[in-house]
file start34.txt (compact mmCIF, C-alpha atoms and all ligand atoms)
# COMPACT_ATOMS: atom_id res chain seq x y z
CA MET A 1 0.00 0.00 0.00
CA SER A 2 2.71 2.46 0.96
CA ASN A 3 4.53 1.61 -2.24
CA GLU A 4 1.40 2.42 -4.19
CA CYS A 5 1.11 5.80 -2.37
CA GLU A 6 4.77 6.53 -3.08
CA THR A 7 4.30 5.77 -6.74
CA LYS A 8 1.24 8.02 -6.94
CA LYS A 9 3.10 10.80 -5.12
CA THR A 10 6.06 10.53 -7.46
CA ARG A 11 3.80 10.69 -10.47
CA VAL A 12 2.05 13.81 -9.12
CA GLN A 13 5.36 15.47 -8.28
CA ALA A 14 6.64 14.68 -11.74
CA ARG A 15 3.63 16.36 -13.28
CA LEU A 16 3.62 19.50 -11.12
CA PRO A 17 6.71 21.33 -12.35
CA ARG A 18 5.53 21.07 -15.95
CA LYS A 19 2.35 22.97 -15.03
CA GLN A 20 4.58 25.71 -13.67
CA GLY A 21 6.41 26.08 -16.98
CA TYR A 22 9.15 23.60 -16.20
CA VAL A 23 11.47 23.01 -19.15
CA PRO A 24 13.01 19.53 -18.98
CA ARG A 25 16.80 19.50 -19.12
CA PHE A 26 19.06 16.67 -20.14
CA LEU A 27 22.47 15.95 -18.74
CA LEU A 28 23.84 16.67 -22.18
CA ASP A 29 22.47 20.23 -21.93
CA GLU A 30 25.07 21.05 -19.33
CA SER A 31 27.74 21.88 -21.94
CA PRO A 32 29.26 25.34 -21.35
CA ILE A 33 28.74 26.09 -25.05
CA THR A 34 25.10 26.82 -25.72
CA GLU A 35 25.39 28.75 -28.99
CA VAL A 36 27.64 28.46 -32.01
CA HIS A 37 27.54 30.85 -34.95
CA ALA A 38 27.73 29.37 -38.45
CA PHE A 39 28.92 31.73 -41.19
CA TRP A 40 27.81 30.42 -44.58
CA ILE A 41 30.04 31.85 -47.31
CA ALA A 42 29.15 31.34 -50.97
CA GLY A 43 31.94 31.59 -53.53
CA MET A 44 31.79 30.35 -57.12
CA SER A 45 28.60 28.38 -56.56
CA CYS A 46 25.15 27.68 -57.99
CA ASP A 47 23.52 27.63 -54.51
CA GLY A 48 22.66 23.95 -55.03
CA CYS A 49 24.34 23.02 -51.75
CA SER A 50 22.10 25.48 -49.87
CA ILE A 51 19.08 23.85 -51.48
CA ALA A 52 20.40 20.40 -50.53
CA ALA A 53 20.98 21.50 -46.92
CA VAL A 54 17.46 22.84 -46.43
CA GLY A 55 16.11 19.50 -47.69
CA ALA A 56 18.01 17.56 -45.01
CA LYS A 57 15.93 15.42 -42.69
CA HIS A 58 18.35 13.81 -40.23
CA PRO A 59 18.87 16.28 -38.69
CA THR A 60 17.00 19.17 -40.26
CA VAL A 61 18.34 22.73 -40.48
CA GLU A 62 15.36 23.76 -38.32
CA GLN A 63 16.47 21.38 -35.55
CA LEU A 64 19.97 22.84 -35.65
CA ILE A 65 18.91 26.49 -35.58
CA THR A 66 16.28 26.02 -32.87
CA GLY A 67 18.63 23.98 -30.67
CA THR A 68 16.17 21.14 -30.20
CA ILE A 69 18.74 18.34 -30.31
CA PRO A 70 19.77 17.46 -26.73
CA GLY A 71 23.39 18.29 -26.05
CA LEU A 72 23.85 20.23 -29.25
CA PRO A 73 24.51 23.97 -29.04
CA LYS A 74 22.00 26.14 -30.86
CA VAL A 75 23.27 27.22 -34.29
CA ILE A 76 23.00 30.91 -35.14
CA LEU A 77 23.05 30.66 -38.92
CA HIS A 78 24.28 33.60 -40.99
CA HIS A 79 23.28 32.64 -44.53
CA PRO A 80 23.20 35.17 -47.39
CA VAL A 81 19.90 33.78 -48.70
CA LEU A 82 18.17 32.19 -45.71
CA SER A 83 18.81 34.84 -43.06
CA VAL A 84 15.96 37.27 -42.47
CA THR A 85 18.27 40.25 -42.03
CA ALA A 86 19.93 41.95 -45.00
CA GLY A 87 22.53 44.58 -45.80
CA ALA A 88 24.55 46.09 -42.93
CA ALA A 89 22.44 44.33 -40.27
CA PHE A 90 23.24 40.96 -41.84
CA MET A 91 26.96 41.75 -42.16
CA LYS A 92 27.30 42.93 -38.54
CA ALA A 93 28.13 39.47 -37.14
CA PHE A 94 30.70 38.85 -39.92
CA HIS A 95 32.53 42.04 -38.96
CA ALA A 96 32.29 41.16 -35.25
CA ALA A 97 33.81 37.72 -35.89
CA LYS A 98 36.58 39.30 -37.94
CA ASN A 99 37.31 41.83 -35.17
CA GLY A 100 37.18 39.18 -32.43
CA THR A 101 34.15 40.73 -30.72
CA LEU A 102 31.53 38.08 -31.54
CA GLY A 103 31.66 36.62 -28.04
CA ALA A 104 30.81 33.06 -29.09
CA PRO A 105 32.53 30.27 -31.02
CA TYR A 106 31.87 30.02 -34.73
CA VAL A 107 32.31 27.69 -37.68
CA ILE A 108 32.59 28.59 -41.36
CA ILE A 109 30.61 26.70 -43.97
CA GLN A 110 31.86 27.40 -47.49
CA GLU A 111 29.78 26.66 -50.57
CA GLY A 112 31.37 27.07 -54.01
CA SER A 113 34.99 27.28 -55.00
CA ILE A 114 37.27 30.19 -54.17
CA ALA A 115 38.32 32.25 -57.18
CA ASP A 116 41.62 34.08 -57.46
CA GLU A 117 40.60 37.62 -56.58
CA ASP A 118 44.02 38.94 -57.58
CA ILE A 119 43.04 38.33 -61.22
CA ALA A 120 39.75 40.23 -60.93
CA GLY A 121 41.38 42.87 -58.70
CA LYS A 122 43.74 43.87 -61.52
CA PHE A 123 40.69 45.02 -63.44
CA GLY A 124 39.15 46.76 -60.42
CA GLY A 125 36.49 44.09 -59.98
CA TYR A 126 35.79 40.89 -58.09
CA TRP A 127 34.50 37.38 -58.82
CA SER A 128 32.38 36.90 -55.74
CA ALA A 129 31.72 39.35 -52.91
CA MET A 130 29.55 39.94 -49.84
CA GLY A 131 29.21 43.15 -47.79
CA ALA A 132 31.15 46.37 -48.15
CA ASP A 133 34.38 47.60 -46.64
CA PRO A 134 33.37 50.21 -44.00
CA GLU A 135 36.29 52.46 -44.98
CA THR A 136 36.29 52.27 -48.77
CA GLY A 137 32.70 51.21 -49.39
CA GLN A 138 34.01 48.61 -51.84
CA PRO A 139 32.59 45.06 -52.02
CA ILE A 140 34.52 42.52 -49.92
CA PRO A 141 35.42 39.37 -51.89
CA THR A 142 34.10 36.21 -50.21
CA ALA A 143 37.64 34.80 -50.54
CA HIS A 144 38.77 37.54 -48.17
CA TRP A 145 36.04 36.62 -45.70
CA MET A 146 37.42 33.08 -45.71
CA ARG A 147 40.97 34.41 -45.25
CA ASP A 148 39.98 36.66 -42.35
CA LEU A 149 37.52 34.40 -40.53
CA ALA A 150 39.38 31.07 -40.90
CA GLN A 151 41.97 32.01 -38.26
CA GLY A 152 39.39 32.29 -35.48
CA ALA A 153 37.00 29.55 -36.63
CA ALA A 154 36.44 26.45 -34.51
CA ALA A 155 36.08 24.50 -37.77
CA VAL A 156 35.99 25.16 -41.50
CA ILE A 157 33.54 22.95 -43.37
CA ALA A 158 33.64 22.87 -47.16
CA VAL A 159 30.29 21.83 -48.59
CA GLY A 160 29.89 20.54 -52.15
CA THR A 161 32.43 19.55 -54.77
CA CYS A 162 33.31 23.14 -55.76
CA ALA A 163 34.30 23.99 -52.18
CA THR A 164 35.94 20.63 -51.42
CA TRP A 165 37.97 20.06 -54.59
CA GLY A 166 37.37 23.01 -56.96
CA GLY A 167 34.59 21.35 -58.97
CA ILE A 168 33.19 22.73 -62.20
CA PRO A 169 34.66 26.29 -61.83
CA ALA A 170 38.12 24.67 -61.50
CA ALA A 171 37.69 22.30 -64.47
CA ALA A 172 40.03 22.42 -67.47
CA GLY A 173 40.27 26.01 -68.68
CA ASN A 174 39.72 27.57 -65.23
CA ILE A 175 40.10 31.23 -66.19
CA THR A 176 39.33 32.43 -62.65
CA ASN A 177 42.00 30.14 -61.14
CA ALA A 178 39.19 28.78 -58.94
CA MET A 179 40.29 26.42 -56.17
CA SER A 180 39.03 24.45 -53.22
CA VAL A 181 39.06 25.57 -49.57
CA MET A 182 41.99 23.24 -48.82
CA ASP A 183 43.91 24.64 -51.81
CA TYR A 184 43.19 28.17 -50.61
CA LEU A 185 44.06 27.68 -46.93
CA GLY A 186 47.01 25.36 -47.54
CA LYS A 187 48.06 22.13 -45.85
CA ASP A 188 49.32 23.84 -42.68
CA TYR A 189 45.95 25.37 -41.84
CA LEU A 190 44.34 24.17 -38.61
CA SER A 191 41.13 25.52 -37.13
CA GLY A 192 40.57 26.40 -33.48
CA LEU A 193 39.63 22.75 -32.85
CA GLY A 194 42.93 21.74 -34.45
CA LEU A 195 41.30 20.40 -37.61
CA PRO A 196 42.20 20.88 -41.27
CA PRO A 197 39.21 21.77 -43.49
CA ILE A 198 36.41 19.19 -43.37
CA ASN A 199 35.15 18.16 -46.80
CA ILE A 200 31.62 17.08 -47.72
CA PRO A 201 31.74 16.62 -51.50
CA GLY A 202 28.86 16.15 -53.94
CA CYS A 203 27.23 18.18 -56.67
CA ALA A 204 25.07 18.77 -54.73
CA PRO A 205 25.80 16.65 -51.63
CA THR A 206 23.09 14.72 -49.87
CA GLY A 207 21.54 17.24 -47.48
CA ASP A 208 21.78 14.81 -44.57
CA ASN A 209 25.54 14.48 -45.17
CA ILE A 210 25.84 18.23 -44.57
CA THR A 211 23.68 18.55 -41.45
CA GLU A 212 24.90 15.29 -39.91
CA THR A 213 28.54 16.36 -40.25
CA VAL A 214 27.80 19.82 -38.84
CA ALA A 215 25.95 18.19 -35.92
CA SER A 216 28.84 15.74 -35.27
CA VAL A 217 31.41 18.54 -35.25
CA LEU A 218 29.22 20.63 -32.92
CA MET A 219 28.87 17.69 -30.53
CA PHE A 220 32.64 17.44 -30.40
CA LEU A 221 32.91 21.20 -29.91
CA ALA A 222 30.41 21.06 -27.04
CA GLY A 223 32.33 18.19 -25.47
CA VAL A 224 29.47 15.71 -25.69
CA GLY A 225 30.73 13.51 -28.51
CA PRO A 226 33.94 12.08 -29.94
CA LEU A 227 35.73 13.62 -32.88
CA PRO A 228 34.09 12.08 -35.95
CA GLU A 229 36.34 9.93 -38.13
CA PHE A 230 37.63 11.64 -41.27
CA ASP A 231 39.56 10.02 -44.12
CA GLU A 232 42.86 11.20 -45.61
CA LEU A 233 41.05 13.87 -47.66
CA GLY A 234 39.01 15.16 -44.75
CA ARG A 235 35.77 13.43 -45.78
CA PRO A 236 33.52 12.01 -43.03
CA ALA A 237 34.83 8.44 -43.30
CA TRP A 238 31.55 6.68 -42.59
CA MET A 239 29.91 8.44 -45.53
CA PHE A 240 32.55 8.06 -48.20
CA GLN A 241 34.37 4.78 -47.61
CA SER A 242 32.08 2.65 -49.80
CA THR A 243 31.55 2.95 -53.51
CA VAL A 244 28.21 3.85 -55.08
CA HIS A 245 28.17 0.37 -56.60
CA GLN A 246 28.41 -1.32 -53.19
CA GLY A 247 25.16 0.31 -52.11
CA CYS A 248 23.43 0.36 -55.49
CA VAL A 249 19.95 -1.05 -55.93
CA ARG A 250 21.07 -2.36 -59.35
CA ALA A 251 24.24 -4.13 -58.18
CA GLY A 252 22.51 -7.54 -58.32
CA ASN A 253 21.92 -6.98 -62.04
CA TYR A 254 25.58 -6.17 -62.58
CA GLU A 255 26.56 -9.37 -60.83
CA GLU A 256 24.25 -11.39 -63.07
CA GLY A 257 25.50 -9.67 -66.21
CA LYS A 258 22.25 -7.82 -66.93
CA PHE A 259 22.81 -4.36 -68.39
CA ALA A 260 20.46 -1.63 -69.60
CA ASP A 261 21.03 -0.47 -73.15
CA GLN A 262 18.79 2.56 -72.82
CA TYR A 263 17.52 4.84 -70.06
CA GLY A 264 14.35 3.80 -68.28
CA GLN A 265 15.33 0.14 -67.98
CA LYS A 266 15.75 -1.45 -64.57
CA GLU A 267 19.10 -3.20 -65.13
CA CYS A 268 22.61 -1.98 -64.28
CA LEU A 269 23.53 1.30 -66.01
CA VAL A 270 27.26 0.70 -66.44
CA GLU A 271 27.02 0.40 -70.22
CA LEU A 272 25.26 3.75 -70.34
CA GLY A 273 28.25 5.39 -68.64
CA CYS A 274 27.86 4.71 -64.90
CA TRP A 275 31.07 5.20 -62.88
CA GLY A 276 29.53 3.79 -59.69
CA PRO A 277 31.99 0.88 -59.28
CA VAL A 278 34.87 3.29 -58.52
CA VAL A 279 33.17 6.37 -57.06
CA GLN A 280 32.95 6.93 -53.29
CA CYS A 281 29.48 8.24 -52.46
CA ASN A 282 26.52 7.24 -50.30
CA MET A 283 23.82 8.94 -52.39
CA VAL A 284 22.08 5.73 -53.44
CA SER A 285 22.03 4.06 -50.06
CA ARG A 286 21.07 7.26 -48.22
CA GLY A 287 18.71 8.79 -50.78
CA ALA A 288 18.62 12.41 -51.89
CA ILE A 289 15.90 13.78 -49.59
CA GLY A 290 14.23 11.98 -46.69
CA HIS A 291 15.87 8.72 -47.80
CA ASN A 292 14.10 8.93 -51.16
CA GLY A 293 15.53 9.45 -54.64
CA GLY A 294 19.26 9.47 -55.39
CA CYS A 295 20.92 8.87 -58.75
CA MET A 296 20.47 5.17 -59.65
CA ASN A 297 17.28 4.95 -57.59
CA THR A 298 15.74 7.33 -60.09
CA GLY A 299 17.41 5.97 -63.23
CA GLY A 300 20.51 8.17 -63.48
CA ILE A 301 24.10 7.12 -64.04
CA CYS A 302 26.91 8.07 -61.65
CA ILE A 303 29.13 10.78 -63.13
CA GLY A 304 31.54 10.82 -60.17
CA CYS A 305 30.46 14.20 -58.82
CA THR A 306 31.88 13.56 -55.32
CA MET A 307 35.39 12.83 -56.57
CA PRO A 308 38.32 15.28 -56.65
CA GLY A 309 38.86 14.52 -60.36
CA PHE A 310 35.31 15.60 -61.23
CA PRO A 311 34.37 16.68 -63.88
CA ASP A 312 37.37 16.15 -66.18
CA ALA A 313 38.28 12.62 -64.99
CA PHE A 314 34.76 11.36 -65.77
CA ALA A 315 33.93 13.30 -68.94
CA PRO A 316 32.45 12.83 -71.47
CA PHE A 317 29.54 11.62 -69.35
CA TYR A 318 27.64 10.11 -72.28
CA LYS A 319 30.40 7.57 -72.98
CA LYS A 320 30.79 4.37 -70.98
CA PRO A 321 33.95 4.02 -68.85
CA PRO A 322 36.69 2.11 -70.75
CA GLY A 323 37.10 -0.36 -67.83
CA THR A 324 33.53 -1.48 -68.49
CA LEU A 325 34.70 -3.46 -71.51
CA VAL A 326 36.58 -5.89 -69.25
CA SER A 327 34.32 -5.94 -66.20
CA SER A 328 30.97 -6.20 -67.97
CA THR A 329 32.25 -8.87 -70.38
CA ILE A 330 33.40 -11.01 -67.43
CA SER A 331 30.20 -10.25 -65.59
CA ARG A 332 28.10 -11.35 -68.58
CA GLN A 333 29.85 -14.70 -68.74
CA THR A 334 29.88 -15.57 -65.05
CA GLY A 335 26.56 -13.80 -64.47
CA SER A 336 24.53 -16.12 -66.72
CA PHE A 337 25.58 -19.15 -64.64
CA VAL A 338 25.01 -17.31 -61.34
CA SER A 339 21.63 -16.20 -62.62
CA TYR A 340 20.60 -19.82 -63.47
CA LEU A 341 21.60 -21.04 -59.99
CA ARG A 342 19.63 -18.26 -58.34
CA LYS A 343 16.55 -18.92 -60.43
CA PHE A 344 16.73 -22.59 -59.46
CA THR A 345 16.94 -21.72 -55.74
CA GLN A 346 14.16 -19.20 -56.16
CA ARG A 347 11.86 -21.79 -57.76
CA LYS A 348 12.53 -24.15 -54.86
CA GLY A 349 11.94 -21.38 -52.33
CA ASN A 350 8.60 -20.63 -53.95
CA ARG A 351 7.21 -24.13 -53.20
CA THR A 352 6.07 -25.52 -49.84
CA GLU A 353 7.00 -29.06 -48.84
CA ARG A 354 3.33 -30.07 -49.16
CA TRP A 355 3.06 -28.72 -52.72
CA GLN A 356 6.19 -30.56 -53.72
CA GLN A 357 4.83 -33.83 -52.36
CA ASP A 358 1.41 -33.27 -53.97
CA ARG A 359 3.13 -32.13 -57.21
CA GLU A 360 0.48 -29.44 -57.35
CA VAL A 361 0.18 -25.78 -56.29
CA PRO A 362 -3.44 -24.97 -55.31
CA SER A 363 -3.25 -21.35 -56.49
CA GLY A 364 -6.36 -19.67 -57.79
CA TRP A 365 -4.30 -16.75 -59.10
CA ALA A 366 -2.73 -18.55 -62.01
CA SER A 367 -1.79 -22.00 -63.21
CA VAL A 368 1.43 -22.93 -61.42
CA ASN A 369 3.33 -26.04 -62.38
CA GLY A 370 3.79 -28.12 -59.22
CA VAL A 371 6.05 -30.70 -60.83
CA THR A 372 9.75 -30.21 -60.16
CA PRO A 373 11.66 -30.45 -63.49
CA ALA A 374 14.15 -33.33 -63.76
CA ALA A 375 17.10 -30.90 -64.15
CA ASP A 376 16.09 -29.12 -60.93
CA LYS A 377 15.83 -32.45 -59.09
CA PHE A 378 19.31 -33.41 -60.26
CA VAL A 379 20.89 -30.06 -59.31
CA GLY A 380 18.80 -29.99 -56.12
CA PHE A 381 20.17 -33.33 -54.93
CA PHE A 382 23.76 -32.03 -54.90
CA TYR A 383 22.72 -28.57 -53.78
CA ASP A 384 20.96 -29.94 -50.68
CA LYS A 385 23.97 -32.08 -49.84
CA LEU A 386 26.25 -29.02 -50.04
CA LYS A 387 23.79 -26.92 -48.05
CA ARG A 388 23.73 -29.32 -45.11
CA MET A 389 27.39 -30.29 -45.24
CA GLY A 390 29.06 -29.86 -41.84
CA THR A 391 25.75 -29.57 -39.95
CA GLU A 392 23.54 -32.06 -38.13
CA PHE A 393 20.48 -30.79 -39.93
CA THR A 394 19.16 -33.55 -42.17
CA PRO A 395 15.47 -33.53 -43.06
CA GLY A 396 14.16 -37.11 -43.27
CA SER A 397 17.10 -38.53 -41.28
CA ALA A 398 16.61 -41.42 -38.81
CA ARG A 399 16.92 -38.98 -35.87
CA GLN A 400 14.27 -36.68 -37.29
CA LYS A 401 11.92 -39.56 -37.97
CA GLU A 402 12.38 -40.75 -34.37
CA LEU A 403 11.48 -37.28 -33.03
CA GLN A 404 8.50 -37.01 -35.35
CA LYS A 405 7.26 -40.41 -34.17
CA SER A 406 7.30 -39.40 -30.50
CA ALA A 407 5.52 -36.14 -31.38
CA SER A 408 2.87 -38.12 -33.26
CA HIS A 409 2.32 -40.36 -30.22
CA TYR A 410 1.86 -37.27 -28.04
CA LEU A 411 -0.73 -35.85 -30.39
CA ALA A 412 -2.50 -39.19 -30.77
CA LYS A 413 -3.16 -39.30 -26.99
CA GLY A 414 -5.24 -36.10 -27.27
CA PRO A 415 -4.61 -32.85 -25.33
CA GLN A 416 -6.31 -33.78 -22.02
CA THR A 417 -4.60 -37.16 -21.69
CA ALA A 418 -1.27 -35.63 -22.62
CA ILE A 419 -1.56 -32.89 -19.92
CA ALA A 420 -2.78 -35.36 -17.27
CA ALA A 421 0.15 -37.65 -18.04
CA GLU A 422 2.52 -34.73 -17.36
S1 LIG B 1 24.09 1.25 -62.06
FE1 LIG B 1 26.23 1.87 -61.64
S2 LIG B 1 26.42 1.74 -59.42
FE2 LIG B 1 24.57 0.63 -59.98
S3 LIG B 1 25.19 -1.51 -60.24
FE3 LIG B 1 25.40 -0.56 -62.24
S4 LIG B 1 27.51 0.16 -62.33
FE4 LIG B 1 27.05 -0.23 -60.20
S1 LIG B 2 25.98 8.63 -57.20
FE1 LIG B 2 27.58 9.57 -58.49
S2 LIG B 2 26.55 11.21 -59.63
FE2 LIG B 2 25.20 10.60 -57.92
S3 LIG B 2 25.73 12.01 -56.24
FE3 LIG B 2 27.01 10.21 -55.97
S4 LIG B 2 28.91 10.64 -57.06
FE4 LIG B 2 27.40 12.13 -57.77
call {"tool": "encode", "arguments": {"input": "start34.txt", "output": "structure tokens"}}
result
Amino acid sequence: MSNECETKKTRVQARLPRKQGYVPRFLLDESPITEVHAFWIAGMSCDGCSIAAVGAKHPTVEQLITGTIPGLPKVILHHPVLSVTAGAAFMKAFHAAKNGTLGAPYVIIQEGSIADEDIAGKFGGYWSAMGADPETGQPIPTAHWMRDLAQGAAAVIAVGTCATWGGIPAAAGNITNAMSVMDYLGKDYLSGLGLPPINIPGCAPTGDNITETVASVLMFLAGVGPLPEFDELGRPAWMFQSTVHQGCVRAGNYEEGKFADQYGQKECLVELGCWGPVVQCNMVSRGAIGHNGGCMNTGGICIGCTMPGFPDAFAPFYKKPPGTLVSSTISRQTGSFVSYLRKFTQRKGNRTERWQQDREVPSGWASVNGVTPAADKFVGFFYDKLKRMGTEFTPGSARQKELQKSASHYLAKGPQTAIAAE
């Protein structure tokens, strides 16, 4: 009785503070860092990475900027398109960070490659700029914002292939001498957290790759999570260690030597120019937005957009990769045999033991042949032997028959007799 009273009391007490406007707190909320500014700088970009980021679901941008993820500091996002302030009011925080008067830690998120402003400067212009110099009134190149803010940043995160490797603006020709963040900052650069630039490639990257990496870095910054694992090029290792092919929904077709010869077909797209077997990207397994879509899932080939060599190393996109000649020829030959074996196993898996014994499938949906073909019986004999080899599992063995017999006796006695006997 007293226990019951205690329980009731505890429940009432637990409810009371909420009525008084109690805001639940988690242990993880105790981090000394409650807010982190994120300065989004756009260089030579198409804004596709911004679009990708706002489509992220796990976590969403809204969760990051409202601070609703336990343990994670609230993100104060300064984005040239998404922020509600504009002009001088918008630029105020950038100037404060540059002058060291922001009063809170910050990270830089760069979208787009960084052009060589010395080239444009010779003509009195600029390639990409944001805000105006308070003394001269002249536009401030975004490259200079990166130069000035990088020194005090907790982390520099390059988002998209233009920012991570140079991308399309840095392709052959490159009249602006466009380069990546790591090219611009150099190999000796380390952020306040002691990290070289973090790279999330993709044209555009999966939105979740962007927000998940930002969240992981913030957790480390707040002291509530380990430093995420990055590979030798600064990519989040868990996102970029596998190839597209390894996670592709069409990989089974490749293995069985089944290839599409035109768009819209469901087979492997390698002969239409897919580079998936060599490209590191999780787009297909993760999906473009909300785990839906993503290149091969929607019928597109992989053009290697996450790779440092993109676009030149994978162009022309309409031609199949030369290595395909060897791999798809081998795959065609071995695949036809693999495909036969799988079809055989599938046929067997589509029949119950009863149907096989009756040699009939009682389906009203269609006429199904219940007779096992002689070739299947022959292959099945050896297949079953191999399947059970090294185990004690043998259907129809003397031991199984013995067990079945005792079970039959039990059932034959009837339920009441059997229970009474126990
Ligand atoms: S479509 Fe591309 S990634 Fe998918 S199985 Fe074929 S080659 Fe691999
Ligand atoms: S699957 Fe290929 S084309 Fe698609 S996002 Fe990944 S790297 Fe780019």
call {"tool": "closest_residue", "arguments": {"input": "start34.txt", "among": "A:Thr243, A:Thr391, A:Ser180, A:Gln265", "to": "Thr164 (chain A)", "atoms": "all atoms listed in the file"}}
result
A:Ser180
call {"tool": "residues_around", "arguments": {"input": "start34.txt", "residues": "Ile168 (chain A)", "least_positions_apart": "5", "cutoff": "8 Å", "atoms": "all atoms listed in the file", "output": "PyMOL selection string"}}
result
chain A and resi 162+310-311
call {"tool": "closest_atom_pairs", "arguments": {"input": "start34.txt", "of": "region 83-122 of chain A", "to": "region 208-220 of chain A", "cutoff": "12 Å", "atoms": "all atoms listed in the file", "output": "JSON lines"}}
result
{"residue": "A:Pro105", "atom": "CA", "partner": "A:Leu218", "partner_atom": "CA", "distance": 10.4}
{"residue": "A:Tyr106", "atom": "CA", "partner": "A:Leu218", "partner_atom": "CA", "distance": 9.9}
{"residue": "A:Val107", "atom": "CA", "partner": "A:Leu218", "partner_atom": "CA", "distance": 9.1}
{"residue": "A:Ile108", "atom": "CA", "partner": "A:Val214", "partner_atom": "CA", "distance": 10.3}
{"residue": "A:Ile109", "atom": "CA", "partner": "A:Val214", "partner_atom": "CA", "distance": 9.0}
{"residue": "A:Gln110", "atom": "CA", "partner": "A:Ile210", "partner_atom": "CA", "distance": 11.4}
{"residue": "A:Glu111", "atom": "CA", "partner": "A:Ile210", "partner_atom": "CA", "distance": 11.1}
call {"tool": "write_last_selection", "arguments": {"input": "start34.txt", "atoms": "C-alpha atoms", "output": "short mmCIF file (atom, residue, chain, number, x, y, z; two decimals), in the frame of the given file"}}
result
data_model
loop_
_atom_site.label_atom_id
_atom_site.label_comp_id
_atom_site.auth_asym_id
_atom_site.auth_seq_id
_atom_site.Cartn_x
_atom_site.Cartn_y
_atom_site.Cartn_z
CA PRO A 105 32.53 30.27 -31.02
CA TYR A 106 31.87 30.02 -34.73
CA VAL A 107 32.31 27.69 -37.68
CA ILE A 108 32.59 28.59 -41.36
CA ILE A 109 30.61 26.70 -43.97
CA GLN A 110 31.86 27.40 -47.49
CA GLU A 111 29.78 26.66 -50.57
#
call {"tool": "closest_residue", "arguments": {"input": "start34.txt", "among": "A:Pro308, A:Pro228, A:Gly299, A:Gly121", "to": "Pro201 (chain A)", "atoms": "only C-alpha atoms"}}
result
A:Pro308
call {"tool": "closest_residue", "arguments": {"input": "start34.txt", "among": "A:Ala288, A:Ala375, A:Cys268, A:Met389", "to": "ligand LIG 2 (chain B)", "atoms": "only C-alpha atoms and all ligand atoms"}}
result
A:Ala288
call {"tool": "closest_atom_pairs", "arguments": {"input": "start34.txt", "of": "chain A", "to": "ligand LIG 1 (chain B)", "cutoff": "9 Å", "atoms": "all atoms listed in the file", "output": "CSV"}}
result
residue,atom,partner,partner_atom,distance
A:Thr243,CA,B:LIG1,S2,7.9
A:Val244,CA,B:LIG1,S2,5.1
A:His245,CA,B:LIG1,S2,3.6
A:Gln246,CA,B:LIG1,S2,7.2
A:Gly247,CA,B:LIG1,S2,7.6
A:Cys248,CA,B:LIG1,FE2,4.6
A:Val249,CA,B:LIG1,FE2,6.4
A:Arg250,CA,B:LIG1,S3,4.3
A:Ala251,CA,B:LIG1,S3,3.5
A:Gly252,CA,B:LIG1,S3,6.9
A:Asn253,CA,B:LIG1,S3,6.6
A:Tyr254,CA,B:LIG1,S3,5.2
A:Glu255,CA,B:LIG1,S3,8.0
A:Phe259,CA,B:LIG1,FE3,7.7
A:Ala260,CA,B:LIG1,S1,8.9
A:Glu267,CA,B:LIG1,S1,7.4
A:Cys268,CA,B:LIG1,FE3,3.7
A:Leu269,CA,B:LIG1,S1,4.0
A:Val270,CA,B:LIG1,S4,4.2
A:Glu271,CA,B:LIG1,S4,7.9
A:Leu272,CA,B:LIG1,S1,8.7
A:Gly273,CA,B:LIG1,FE1,8.1
A:Cys274,CA,B:LIG1,FE1,4.6
A:Trp275,CA,B:LIG1,FE1,6.0
A:Gly276,CA,B:LIG1,S2,3.7
A:Pro277,CA,B:LIG1,FE4,5.1
A:Val278,CA,B:LIG1,S2,8.6
A:Val279,CA,B:LIG1,S2,8.5
A:Val284,CA,B:LIG1,S2,8.4
A:Cys295,CA,B:LIG1,S1,8.9
A:Met296,CA,B:LIG1,S1,5.9
A:Asn297,CA,B:LIG1,FE2,8.8
A:Gly299,CA,B:LIG1,S1,8.3
A:Gly300,CA,B:LIG1,S1,7.9
A:Ile301,CA,B:LIG1,FE1,6.2
A:Cys302,CA,B:LIG1,FE1,6.2
A:Thr324,CA,B:LIG1,S4,8.8
call {"tool": "closest_residue", "arguments": {"input": "start34.txt", "among": "A:Asn369, A:Thr306, A:Thr161, A:Gln151", "to": "Trp355 (chain A)", "atoms": "only C-alpha atoms"}}
result
A:Asn369
call {"tool": "axis_aligned_box", "arguments": {"input": "start34.txt", "around": "region 292-297 of chain A", "padding_each_side": "4 Å", "output": "JSON"}}
result
{"center_x": 17.5, "center_y": 7.2, "center_z": -55.4, "size_x": 14.8, "size_y": 12.5, "size_z": 16.5}
call {"tool": "closest_residue", "arguments": {"input": "start34.txt", "among": "A:Met91, A:Ile175, A:Leu233, A:Met130", "to": "Ala42 (chain A)", "atoms": "all atoms listed in the file"}}
result
A:Met130
call {"tool": "closest_atom_pairs", "arguments": {"input": "start34.txt", "of": "region 147-177 of chain A", "to": "region 313-323 of chain A", "cutoff": "12 Å", "atoms": "all atoms listed in the file", "output": "JSON lines"}}
result
{"residue": "A:Gly167", "atom": "CA", "partner": "A:Ala313", "partner_atom": "CA", "distance": 11.2}
{"residue": "A:Ile168", "atom": "CA", "partner": "A:Ala315", "partner_atom": "CA", "distance": 11.6}
{"residue": "A:Ala171", "atom": "CA", "partner": "A:Ala313", "partner_atom": "CA", "distance": 9.7}
{"residue": "A:Ala172", "atom": "CA", "partner": "A:Ala313", "partner_atom": "CA", "distance": 10.3}
call {"tool": "closest_residue", "arguments": {"input": "start34.txt", "among": "A:Glu402, A:Gly71, A:Ile200, A:Glu256", "to": "Ser331 (chain A)", "atoms": "all atoms listed in the file"}}
result
A:Glu256
